[in-house]
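See structure below.
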Amino acid sequence: MTEQDSAKGRGGVQSIERAFALLETMADAGGMMGLSQLATESGLPLPTIHRLVRTLVDLGYLHQEPSRQYALGPKLIKLGETSARMLSLTARPHLTRLVDELGESANMAMLDGDRIVYVAQVPSRHSVRMFTEVGRRVLPHCTAVGKAMLAGMPPERVRELLQRTGMPRYTDHTVTDPAEFARQLEVTARTGFAMDDGEQELGVRCVAVAVPEAPARLAISISGPAGRMTEELIDRAVPLLSEVGRKVSADLR
């Protein structure tokens, strides 16, 4: 390979890295951004941003809105659906272990844009149990998995996300005050786990931890009726969830 060919190869790899970085930046920002905002967030020159965005539009991974902002394109859906299926296959043995040892339903969820999407679940064997449909999308402020993921994000990113989604009230326990929510995220970051105590659905408790060093923002949880989700069970669950989270992370590398 000539030196010129080697330089071209390095340039091609760099372009791929930059293109994926732009897609991830847009996903973190809710899926839609303008060129100048992309340049500011990425630190790349505007001509470089324009060239990469034009290529991604031609490939169907971005499209331009009437507002002239760019949005994630439909071609990403196929990649996302396939990736979610693979995540589910990877997670299932680990979630089964949680159900076997703790008795309650186990879930894995991912932050997709501004929302939480459940990508895997193994239901409890109790006749009365929590069931979350894989593929269900919810807002992060009222879920333990959402809190676990957001606790690892910069506070300004969290504020921007909440401004886009709002904080609608689902039950009397739903946190709708951004300052209180920020305080809960600080506690989650300090303790390593998050709780949903009837905030999305009355009578349901959930405890979750983030999956560390994962390729996307992921969290795993157990959930069940409040009467069975006692403090004793939660104390048992947290270290086991943390251990399982590390094993899931290792399997995804």
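A note on labels: chains of the structure tokens are A, B, ... as shown, every chain counts residues from 1, and ligands are counted from 1 in their shown order.
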
At a cut-off of 12 Å, using only C-alpha atoms, what residues contact A:Thr230? Leave out same-chain residues fewer than 4 positions from it and give the result as a short mmCIF file (atom, residue, chain, number, x, y, z; two decimals) with all heavy atoms, in the first residue's frame.
```cif
data_model
loop_
_atom_site.label_atom_id
_atom_site.label_comp_id
_atom_site.auth_asym_id
_atom_site.auth_seq_id
_atom_site.Cartn_x
_atom_site.Cartn_y
_atom_site.Cartn_z
N LEU A 102 -34.60 -13.48 42.60
CA LEU A 102 -35.37 -12.46 43.30
C LEU A 102 -36.88 -12.65 43.19
O LEU A 102 -37.63 -12.10 44.00
CB LEU A 102 -35.00 -11.07 42.76
CG LEU A 102 -33.52 -10.68 42.95
CD1 LEU A 102 -33.21 -9.40 42.18
CD2 LEU A 102 -33.19 -10.52 44.43
N GLU A 104 -39.07 -11.56 41.01
CA GLU A 104 -39.89 -10.55 40.34
C GLU A 104 -39.46 -10.38 38.88
O GLU A 104 -38.39 -10.84 38.47
CB GLU A 104 -39.80 -9.21 41.08
CG GLU A 104 -40.27 -9.28 42.52
CD GLU A 104 -41.74 -9.69 42.68
OE1 GLU A 104 -42.50 -9.56 41.72
OE2 GLU A 104 -42.10 -10.16 43.78
N ASP A 197 -41.27 4.48 42.76
CA ASP A 197 -42.19 4.06 43.82
C ASP A 197 -43.60 4.51 43.45
O ASP A 197 -44.09 5.52 43.95
CB ASP A 197 -41.76 4.63 45.15
CG ASP A 197 -42.39 3.92 46.34
OD1 ASP A 197 -43.28 3.06 46.10
OD2 ASP A 197 -42.01 4.20 47.48
N VAL A 204 -46.99 -0.18 42.05
CA VAL A 204 -45.85 -0.86 41.43
C VAL A 204 -44.56 -0.19 41.89
O VAL A 204 -44.45 1.04 41.88
CB VAL A 204 -45.93 -0.82 39.89
CG1 VAL A 204 -44.68 -1.45 39.28
CG2 VAL A 204 -47.19 -1.52 39.41
N ARG A 205 -43.60 -1.00 42.30
CA ARG A 205 -42.27 -0.48 42.65
C ARG A 205 -41.23 -1.11 41.73
O ARG A 205 -41.38 -2.26 41.29
CB ARG A 205 -41.90 -0.80 44.10
CG ARG A 205 -42.77 -0.16 45.15
CD ARG A 205 -42.18 -0.38 46.54
NE ARG A 205 -41.22 0.66 46.89
CZ ARG A 205 -40.38 0.57 47.91
NH1 ARG A 205 -40.35 -0.53 48.66
NH2 ARG A 205 -39.55 1.55 48.19
N CYS A 206 -40.19 -0.36 41.47
CA CYS A 206 -39.13 -0.82 40.58
C CYS A 206 -37.80 -0.29 41.08
O CYS A 206 -37.72 0.85 41.55
CB CYS A 206 -39.41 -0.32 39.16
SG CYS A 206 -38.22 -0.86 37.92
N VAL A 207 -36.76 -1.11 40.98
CA VAL A 207 -35.41 -0.69 41.32
C VAL A 207 -34.52 -1.01 40.12
O VAL A 207 -34.65 -2.06 39.50
CB VAL A 207 -34.90 -1.37 42.61
CG1 VAL A 207 -34.91 -2.89 42.49
CG2 VAL A 207 -33.51 -0.88 42.96
N SER A 223 -39.13 -5.33 38.84
CA SER A 223 -40.35 -4.61 39.21
C SER A 223 -41.40 -5.60 39.67
O SER A 223 -41.43 -6.76 39.25
CB SER A 223 -40.88 -3.81 38.01
OG SER A 223 -41.11 -4.65 36.90
N GLY A 224 -42.27 -5.11 40.56
CA GLY A 224 -43.32 -5.97 41.07
C GLY A 224 -44.30 -5.18 41.91
O GLY A 224 -44.14 -3.97 42.12
N PRO A 225 -45.34 -5.84 42.41
CA PRO A 225 -46.30 -5.17 43.29
C PRO A 225 -45.60 -4.61 44.51
O PRO A 225 -44.67 -5.24 45.06
CB PRO A 225 -47.29 -6.29 43.66
CG PRO A 225 -47.12 -7.33 42.60
CD PRO A 225 -45.68 -7.26 42.19
N ALA A 226 -46.04 -3.45 44.95
CA ALA A 226 -45.38 -2.78 46.08
C ALA A 226 -45.32 -3.67 47.32
O ALA A 226 -44.35 -3.63 48.07
CB ALA A 226 -46.11 -1.47 46.40
N ILE A 234 -35.29 -5.14 48.06
CA ILE A 234 -34.49 -4.14 47.34
C ILE A 234 -33.04 -4.18 47.79
O ILE A 234 -32.10 -4.09 46.97
CB ILE A 234 -35.10 -2.74 47.52
CG1 ILE A 234 -36.44 -2.67 46.75
CG2 ILE A 234 -34.15 -1.64 47.03
CD1 ILE A 234 -37.29 -1.50 47.10
N ASP A 235 -32.80 -4.36 49.09
CA ASP A 235 -31.44 -4.49 49.60
C ASP A 235 -30.72 -5.69 48.98
O ASP A 235 -29.52 -5.65 48.72
CB ASP A 235 -31.44 -4.62 51.12
CG ASP A 235 -31.79 -3.31 51.82
OD1 ASP A 235 -31.71 -2.25 51.15
OD2 ASP A 235 -32.14 -3.36 53.01
N ARG A 236 -31.46 -6.77 48.78
CA ARG A 236 -30.89 -7.95 48.13
C ARG A 236 -30.68 -7.71 46.65
O ARG A 236 -29.71 -8.21 46.05
CB ARG A 236 -31.81 -9.16 48.31
CG ARG A 236 -31.81 -9.78 49.70
CD ARG A 236 -32.88 -10.86 49.79
NE ARG A 236 -32.81 -11.78 48.65
CZ ARG A 236 -33.87 -12.35 48.07
NH1 ARG A 236 -35.09 -12.10 48.53
NH2 ARG A 236 -33.70 -13.19 47.06
N ALA A 237 -31.60 -6.96 46.04
CA ALA A 237 -31.59 -6.80 44.59
C ALA A 237 -30.45 -5.92 44.09
O ALA A 237 -29.87 -6.21 43.04
CB ALA A 237 -32.93 -6.21 44.14
#
```

Please provide as a list in words all residues within 12 Å of A:Ser36, with the sequence filter that same-chain residues fewer than 2 positions apart are discarded (counting only C-alpha atoms).
Met33, Gly34, Leu38, Ala39, Thr40, Glu41, Ser42, Gly43, Leu44, Pro45, Leu46, Pro47, Thr48, Ile49, His50, Val53, Arg68, Gln69 and Tyr70 of chain A

Report the residues of stretch 7-207 of chain A whose backbone DSSP state falls under helix (DSSP H, G or I), written as JSON, numbers by chain.
{"A": [7, 8, 9, 10, 11, 12, 13, 14, 15, 16, 17, 18, 19, 20, 21, 22, 23, 24, 25, 26, 27, 28, 35, 36, 37, 38, 39, 40, 41, 42, 46, 47, 48, 49, 50, 51, 52, 53, 54, 55, 56, 57, 58, 59, 75, 76, 77, 78, 79, 80, 81, 82, 83, 84, 85, 86, 87, 88, 89, 90, 91, 92, 93, 94, 95, 96, 97, 98, 99, 100, 101, 102, 140, 141, 142, 144, 145, 146, 147, 148, 149, 150, 155, 156, 157, 158, 159, 160, 161, 162, 163, 164, 165, 178, 179, 180, 181, 182, 183, 184, 185, 186, 187, 188, 189, 190, 191]}

Fewer than 5 positions away in the same chain doesn't count, so skip those; otherwise give me all residues within 8 Å of stretch 142-158 of chain A, counting only C-alpha atoms, as JSON, numbers by chain.
{"A": [29, 109, 111, 116, 174, 175, 182, 185, 186, 188, 189, 192, 193, 194, 195, 196, 199, 200, 206, 207, 208, 209, 210, 217, 218, 219, 220, 221]}

Would you kindly return, as a count of residues only, each protein, DNA or RNA residue with an atom no farther than 9 Å from any atom of A:Gly31, considering only C-alpha atoms and excluding same-chain residues fewer than 5 positions away?
9

Per DSSP on the backbone, filter stretch 99-239 of chain A down to the residues in strand (DSSP E) and report them as an MDAnalysis selection string.
chainID A and resid 105:112 115:122 137:138 194:197 204:210 218:225

From the options A:Leu62, A:Met167, A:Leu202, A:Val122, which residue's atoms come nearest to A:Leu22, counting only C-alpha atoms?
A:Leu62

Can you pull out the residues contacting A:Gly103? Cut-off 12 Å, using only C-alpha atoms, and skip same-chain residues under 2 positions away; I want them as an MDAnalysis selection string.
chainID A and resid 95:101 105:106 122:130 222:225 228:229 233:234 236:237

Just to confirm, what's the straight-line distance from atom CA of A:Thr191 to atom CA of A:Ala91 in Å (one decimal)?
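Between these atoms lies a distance of 23.5 Å.
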
Distance query A:Gly135 at most 9 Å, only C-alpha atoms, self and fewer than 4 positions along chain excluded, as a ChimeraX atom specification:
/A:84,117-120

Given the choices A:Met110, A:Val187, A:Gln14, A:Val211, which gets closest to A:Ser83 if the distance is worked out from only C-alpha atoms?
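Once distances to A:Ser83 are computed over only C-alpha atoms, the minimum belongs to A:Met110.
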
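Note that the spacing between atom CA of A:Gly30 and atom CA of A:Arg159 amounts to 12.3 Å.
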